[in-house]
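K.L.:
Have a look at the structure that comes next, please.
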Amino acid sequence: MGFVKAAHEDSLRFSVLGSVRAWRGERELDLGSPQQRVVLTALLLRRGRPVTVAELVDAVWGEEPPPTAVAMLRTYASRLRKVLEPRRGAGELPRVVVSAADGYLARVPEHLLDLGVFERRVAEAKKLRAAGEVSAAADLLRAALDGWEGTPLAGLPGPLAEAERSRLMEERLTTLESRLDTDVRLGRHSEVIAELAALSGEHPLREQLCRLLMLSLYRSGRQAEALAAYRRTRSTLVTELGIEPGPSLRELHDRILAADTSLDPPLPQGEADARVSPATGNATRPAQLPADLPAFTGRRAELEQVQALLLDDERHPATVVSVIGGMAGIGKTALAVHWAHQVAHRYPDGQLYINLRGFDSADSLMPPEEAICTFLDALGVPPQRIPARLDGQTALFRSLLARRRMLILLDNARDTEQVRPLLPGSAGCLVIVTSRTQLTGLIAGEGAHPLTLNPMTPAEAHGFLARRLGAARPAAEPRATHEIIARCARLPLALAIVAARAATHPDFPLEAVAKELHDSQGSLDAFAGGDLATDVRAVFASSYETLSVPATRLFHLLGLHRGPDISAPAAAALAGLPLRETRGLLVELTHAHLLTEHAPGRYTLHDLLRVHAAERVVTEETPQERNGAVERLLRWYLHTADAARAHLAPHRRRVPLEALPPDCRPLAFTTHDKAMEWCEGERLNLVAAVHQAATSHRHGLAWRLSTTLSGFFHLRGHLHDWLTTARTALDAARDAHDHAGQARSLDDVAVVLTMMRRYDEAIDHLRQAMALCRELGDTVGRSQAMRDLGTTYLRLGRLDKATEYIRRSLALDRTHGNARGEGLALAKLGDAYQRLGRFDEAVEHLEQALTVLRAGGDRWGEGVTLDILGTIQHRLHRHNSAIEHYHQALDALRDIGNRWDEAHTLSHLGDALLTADDPKAAQIAWRQALAVFEESSTHPDAQEIRGKRHGVDEHTPATGPDPTTAHRSATPTNTNPNPNPTTPRP
C-alpha cells in the first residue's frame, strides 16, 4: 500500500488509486463483483456524504438499468456490510456502510483511504511551497505520487468509474507537473529531463510539460534541443487545435533565443553573496530592513496569500510588486516587515527600505527624488555620480538593479506617483509597498498585487495579547480579555497600546484595564500612546489630511449615523448633496481606507474610526449642521420606507408624513421585490433610526417610522425588531403626549405580543388603544384595535370574547365604509365559527370575505382567508379540497413575500398531507415551514413543527416532489387534524 497503515489489527484501509481494494489489518478482503465494487467506490468517493439509490443506479448501469436494479443495489450493500463489518450485530466494530435518507454513506476516515492521504500530502506540499520550503514540498509531492498503484479504479465498469478515472488521472498529472517544477527550481534540471521528455511525448498538448522540458534542457547546456522541443509542441498545437502556444511558452522561447541570463540556474548562497556591484566594483549588499517584530502573531491567511505571489516567479519573471493597504493602525508595516524577513534569503543582492512618510505633515512628505538618492547611496554610488534630474536618477537606479535579485520595501506611500520612480525596470526583484490609500494606479498600470488588511480575527487578537502579556494573564481573565479585544475593535495599534499599558503594570488585573476602556467608551482617550506614532487619535487624523474638504466633511457626518452600514443614497441624504457627488466622496474615503465598501454601494466604518468621526463632528461641525444632517437622514429613511410600504402593505393604514427638506431625495420603487430588497438590506439601519429618532427627541419621526415598518416586519417575521421599535415608538409618543402616535404604537406592540403568545400583555395594550381612539374620534383605528383584540382572544381560545369584538369591529367598518376592515372582520368571524364547529356559517363568512378582499386587490387578506377555508375542508375530511385551498393560499402569500403566514400555511398543508396518508410529502412541507420559522431566531411555533416531524416515522424519507408546488391526490382517512390552527391573521 502507498499510504500509512493503521496499527490496529482490525482497522480497515481502502485503495482507489489503482484497483479498488480493501484490507483489515494485513488481510485483503474480497469485495465481490465489479458492480459491487462500483457501489463501494461511489460511497468512498463521496467522502462521508450520502449517495442516493438513484445516483448509485446511474453509477453502476447508466441510462439503461435492469428492472431489478434497486433490489440488486440493496443486495450489494448487504454483502459489503458482511465483508466490511463481520460483527456488525455484536457492535464490536464501527459501522462503515450506513443507511442515510434514500441511499447510503460510507464512514471512512481520510487517513484510511489512499486518495485522502494523497490529497492531504498535496495540500501540505502547497503550503510548504508557499512558505518557501521548496525542498520539503518536493519530497512530500514525491511521497504523494508514490501512493499510486496504477490506473485508478482499474477494471471497474460503468459511467461513474469512467468519469472519476479521468478526473483522478488529471489530478495525478497536475501533481506530477508540480513535483517536476519544484525539482527544476531546486536545480535538479538534468535529473528530470528523461522523465519530462517521456511525459511530453505522452501528453503533447500540455504546455507546462513543454515549458519545464525546455527550461531543463537550456539549463543543462542543450539550447538547440530546448528550441526543438518548442517547435514540436507548437506544430502539434497548430495542427491539431489551430492555436499558437500560450504567452508563457512563447516568452520562454524568446528568452532562450536571447540567452537571457535570468534563466540561468540559481546560484549557491555563497556565490550569490559575492556578486559585485556594477557601479563601484565593490561587494555592495545593503540590508536595510527594520527589525522584525518579536511579538508578531496572526495574519496567517494574509501571509499565505502574499507568499503565493512568489511561487511562479520563473514563469512570470517580471518584478513582483505587492501593495499592502488598509486603514491606519491595521498593521500594514508589521506584516510587510515580517514577510520581508521571511523571504529575504531569496533575494541575495540585498534589501532596501525607506519610509516615504506619506501621511506625515505635508512638509515632511518624502519626494521620490530624495527616496531614490537614498537608495543610490545605499548601493554605493558616489554623490558626484548621481544625476540631478529624477528621470536620470531613475534610469541609474534601474540599471544598477538589472540582473540583480533585490527586495525593496516602500513603507507608508501616499500615492502612485511617489512610488512609480522607485520600481525596478527588470526582472527578479520583489517590491513591497504599504499605504493607507488604494494605489489603484499602481495596481492597474504596473500589475501590482493588492492585499487589503482587515481587523484581526478574535483568535488572532487573543494571540496578540497573549504574545505581549504572556499566556497566563489572558487565560486567567478570559472575560476581561474578551472585553479588551472588543473595545479595541481588533485593531492592532489599539491592542498594542492597551497591551503596553498592561505590561507596564503587571500587578494590574486585566479587569481594571477593561474597565478603563469601558469608561472611555465614546472617545479615544484610552488609546493615547506615548508619541504621535502610537496615538490612535493622531494616527487617524493624519489619514484624512490629504482628503478634499467635502470628503472630510462627509467623514465627520458619518459619525452621526447609528446603523451598522450606510448606502450611498443615505449618505447623500446625510450630507445634503446630490447622489452623484456623494458617490465620488465615498470613493475618495474608500481609497483612503477610512471606509470599507463591504458590499456594492454599501459602506461601513471600523468601530474606532466611527468613534473618531463622532468626536470630530462635534468639534468641526456646528450644532445647526449636525441637527440638519440627522433630520435629513431620518426623514429620508421615513419617506423611503413609506415608498416601500406602498408595495409591501398597500392596504395597511398609512401614517401622515411631514414634508421633506429640499436637499433630501427619497428612493422610489417600481416593484414589490425591489421594495422588499431595500427593506431587508436596510433593516438594521431602520431599527437604529427609530431608536436615534427617539433619543434625539424627534418623537414624531420615531413612531411614524416604526408604524410604517410594521407591515414589512410582519411579512418577514422580524418579531424582535418589530417589538423593540414599537416599544421605543410608544415611549416616544408618550413623552411627546402624542395620543395618535400612542394609539398606533399600542396596536403595533399588541399585535407582536399576540404573535409571541403573550396574550395578557397584548389585551392590556389593545384596551388602551381602543380608549385613545375613542377620545380621538378615530373610528378606523378603533375598529382595528377591536379586530386585533378579537384576534388575541381567538388565539387564546376565548371564542365568545373573540366573536363579540370581531362583530363590533365589523359593524363599525360597515357603518363607516371601511371595506378592507370589513373583509378582514368577515375572515376572522369565519375562523371563529370553524373553531366552534359551525362550518356552514364559517364558509359563508369566508366566501364573503374573499369577495370583498379580492375586489380591493388585498392578496394578504386573501391568502389568510384561503388558509382558513383549507382548514375547514381538512376538518371535514375533504383532503383534496383542503390541499387545493392551501396551495392557493401559498400562491397569494408568496406573491407578497408574507413569510410568516406562508410558514403557517405550510404547517397546515403538512397536516393535511399526513391525514391524506402521504407522510413523505408532509415531512417536506413541515421542513419548509420550520426553515421559514428559524429565519428569525427562535420562533414560538418552531418547536410545534419539530414535534410534528418527529411524530412521524423517522424512517420516512424527507425527500421527493415539493408538495407546495405540485398538487397531490389524497385518500380520506379517519385521522382528525388539530381543530385549532394557530395561524396569525393580519
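Ordered as shown in the C-alpha cells, chains take letters A, B, and onward, while each chain numbers its residues from 1 and ligands are numbered from 1 in the order shown.
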Neighbours of A:Leu335 within 8 Å (only C-alpha atoms; same-chain residues fewer than 4 positions away dropped), as a PyMOL selection string?
P.N.:
chain A and resi 299+303+331+339
K.L.:
Write out as JSON, numbers by chain the set of residues from stretch 73-286 of chain A that DSSP, computed on the backbone, places in strand (DSSP E).
P.N.:
{"A": [97, 98, 99, 103, 104, 105, 106]}
K.L.:
Check the smallest atom-to-atom distance from each of A:Leu442, A:Leu746, A:Ala461, A:Ala137 to A:Gly298 using only C-alpha atoms, then report the winner.
P.N.:
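Selected residue with least distance to A:Gly298: A:Ala461.
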K.L.:
If we count only C-alpha atoms and set the cut-off at 6 Å, which residues sit around stretch 104-108 of chain A, ignoring sequence neighbours fewer than 3 positions away in its own chain? Please answer as a VMD selection string.
P.N.:
chain A and resid 43 48 to 51 96 to 100
K.L.:
Could you list, as an NGL selection string, every residue within 6 Å of A:Leu866, counting only C-alpha atoms and ignoring same-chain residues fewer than 2 positions away?
P.N.:
:A and (863-864 or 868-869 or 885 or 889)
K.L.:
Would you kindly return, as JSON, numbers by chain, each protein, DNA or RNA residue with an atom no farther than 10 Å from any atom of A:Arg652, considering only C-alpha atoms and excluding same-chain residues fewer than 6 positions away?
P.N.:
{"A": [645, 646, 708, 710, 711, 820, 821, 858, 986]}
K.L.:
Deliver the residues from the most recent selection as a file, using C-alpha atoms, as a JSON list (two decimals), in the first residue's frame.
P.N.:
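The resulting file, selection21.json, is reproduced below:
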[["chain", "number", "residue", "atom", "x", "y", "z"],
["A", 645, "ARG", "CA", -44.80, 50.25, 2.23],
["A", 646, "ALA", "CA", -46.86, 51.21, -0.82],
["A", 708, "THR", "CA", -44.55, 52.48, 8.60],
["A", 710, "SER", "CA", -44.82, 47.28, 10.74],
["A", 711, "GLY", "CA", -46.06, 45.71, 7.50],
["A", 820, "ARG", "CA", -60.74, 46.23, 3.98],
["A", 821, "GLY", "CA", -61.69, 46.23, 7.65],
["A", 858, "ASP", "CA", -55.76, 42.52, -0.99],
["A", 986, "PRO", "CA", -53.44, 40.43, 9.54]]
K.L.:
With distances taken over only C-alpha atoms, which of A:His887, A:Arg47, A:Arg420, A:Arg553 is nearest to A:Val618?
P.N.:
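Under the stated criterion, the closest residue is A:Arg553.
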K.L.:
What lies within 12 Å of A:Thr779 using only C-alpha atoms, ignoring chain neighbours under 3 positions off, as an MDAnalysis selection string?
P.N.:
chainID A and resid 743 769:776 782:786 808:818 821
K.L.:
Could you take the residues named above and write them with C-alpha atoms, as an mmCIF file, in the first residue's frame?
P.N.:
data_model
loop_
_atom_site.group_PDB
_atom_site.id
_atom_site.type_symbol
_atom_site.label_atom_id
_atom_site.label_comp_id
_atom_site.auth_asym_id
_atom_site.auth_seq_id
_atom_site.Cartn_x
_atom_site.Cartn_y
_atom_site.Cartn_z
ATOM 1 C CA ALA A 743 -52.718 54.640 19.742
ATOM 2 C CA ALA A 769 -55.510 51.769 22.126
ATOM 3 C CA MET A 770 -59.302 51.496 21.898
ATOM 4 C CA ALA A 771 -59.764 54.124 24.612
ATOM 5 C CA LEU A 772 -57.372 56.563 22.916
ATOM 6 C CA CYS A 773 -59.039 56.078 19.525
ATOM 7 C CA ARG A 774 -62.437 56.772 21.085
ATOM 8 C CA GLU A 775 -61.066 60.052 22.523
ATOM 9 C CA LEU A 776 -59.572 60.998 19.154
ATOM 10 C CA ARG A 782 -60.775 51.890 16.973
ATOM 11 C CA SER A 783 -62.178 49.236 14.642
ATOM 12 C CA GLN A 784 -58.663 47.882 14.009
ATOM 13 C CA ALA A 785 -57.940 47.671 17.746
ATOM 14 C CA MET A 786 -61.259 45.839 18.279
ATOM 15 C CA ARG A 808 -68.374 45.032 16.887
ATOM 16 C CA SER A 809 -65.456 45.733 14.562
ATOM 17 C CA LEU A 810 -67.459 44.507 11.553
ATOM 18 C CA ALA A 811 -70.401 46.750 12.432
ATOM 19 C CA LEU A 812 -68.121 49.776 12.819
ATOM 20 C CA ASP A 813 -66.360 49.096 9.492
ATOM 21 C CA ARG A 814 -69.660 48.719 7.634
ATOM 22 C CA THR A 815 -71.028 51.913 9.165
ATOM 23 C CA HIS A 816 -68.011 53.938 8.069
ATOM 24 C CA GLY A 817 -67.406 52.208 4.722
ATOM 25 C CA ASN A 818 -64.079 50.623 5.604
ATOM 26 C CA GLY A 821 -61.689 46.226 7.646
#
K.L.:
Report as a list in words all protein, DNA and RNA residues lying within 9 Å of A:Asp642, evaluated on only C-alpha atoms, omitting residues in the same chain fewer than 2 positions from it.
P.N.:
Tyr637, Leu638, His639, Thr640, Ala644, Arg645, Ala646, Arg654, Val655, Leu657, Leu705, Thr708 and Leu709 of chain A
K.L.:
With distances taken over only C-alpha atoms, which residue among A:Gly326, A:Pro367, A:Gly201, A:Gly32 lies nearest A:Ala229?
P.N.:
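Comparing A:Gly326, A:Pro367, A:Gly201, A:Gly32 against A:Ala229, the winner is A:Gly201.
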K.L.:
Here is a test: counting only C-alpha atoms, which residue of A:Leu84, A:Leu469, A:Ala762, A:Leu115 is nearest to A:Arg501?
P.N.:
A:Leu469
K.L.:
My list of candidates is A:Arg232, A:Arg24, A:His111, A:His253. Which is closest to A:Glu85 when distances are computed with only C-alpha atoms?
P.N.:
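Of A:Arg232, A:Arg24, A:His111, A:His253, the one nearest A:Glu85, counting only C-alpha atoms, is A:Arg24.
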K.L.:
Which is closer to A:Leu796 than all the others in A:Trp23, A:Tyr759, A:Phe375, A:Phe14, using only C-alpha atoms?
P.N.:
A:Tyr759
K.L.:
State, in Å with one decimal place, the distance from atom CA of A:Thr725 to atom CA of A:His691.
P.N.:
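Spanning atom CA of A:Thr725 to atom CA of A:His691 is a straight-line distance of 7.1 Å.
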K.L.:
Mind giving me the straight-line distance from atom CA of A:Phe359 to atom CA of A:Arg436 in Å, one decimal?
P.N.:
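Interatomic distance here is 8.2 Å.
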K.L.:
Pull the helix (DSSP H, G or I) assignments for stretch 1-184 of chain A out of DSSP run on the backbone, and list those residues as an NGL selection string.
P.N.:
:A and (34-45 or 53-61 or 69-84 or 110-112 or 114-130 or 134-146 or 159-184)
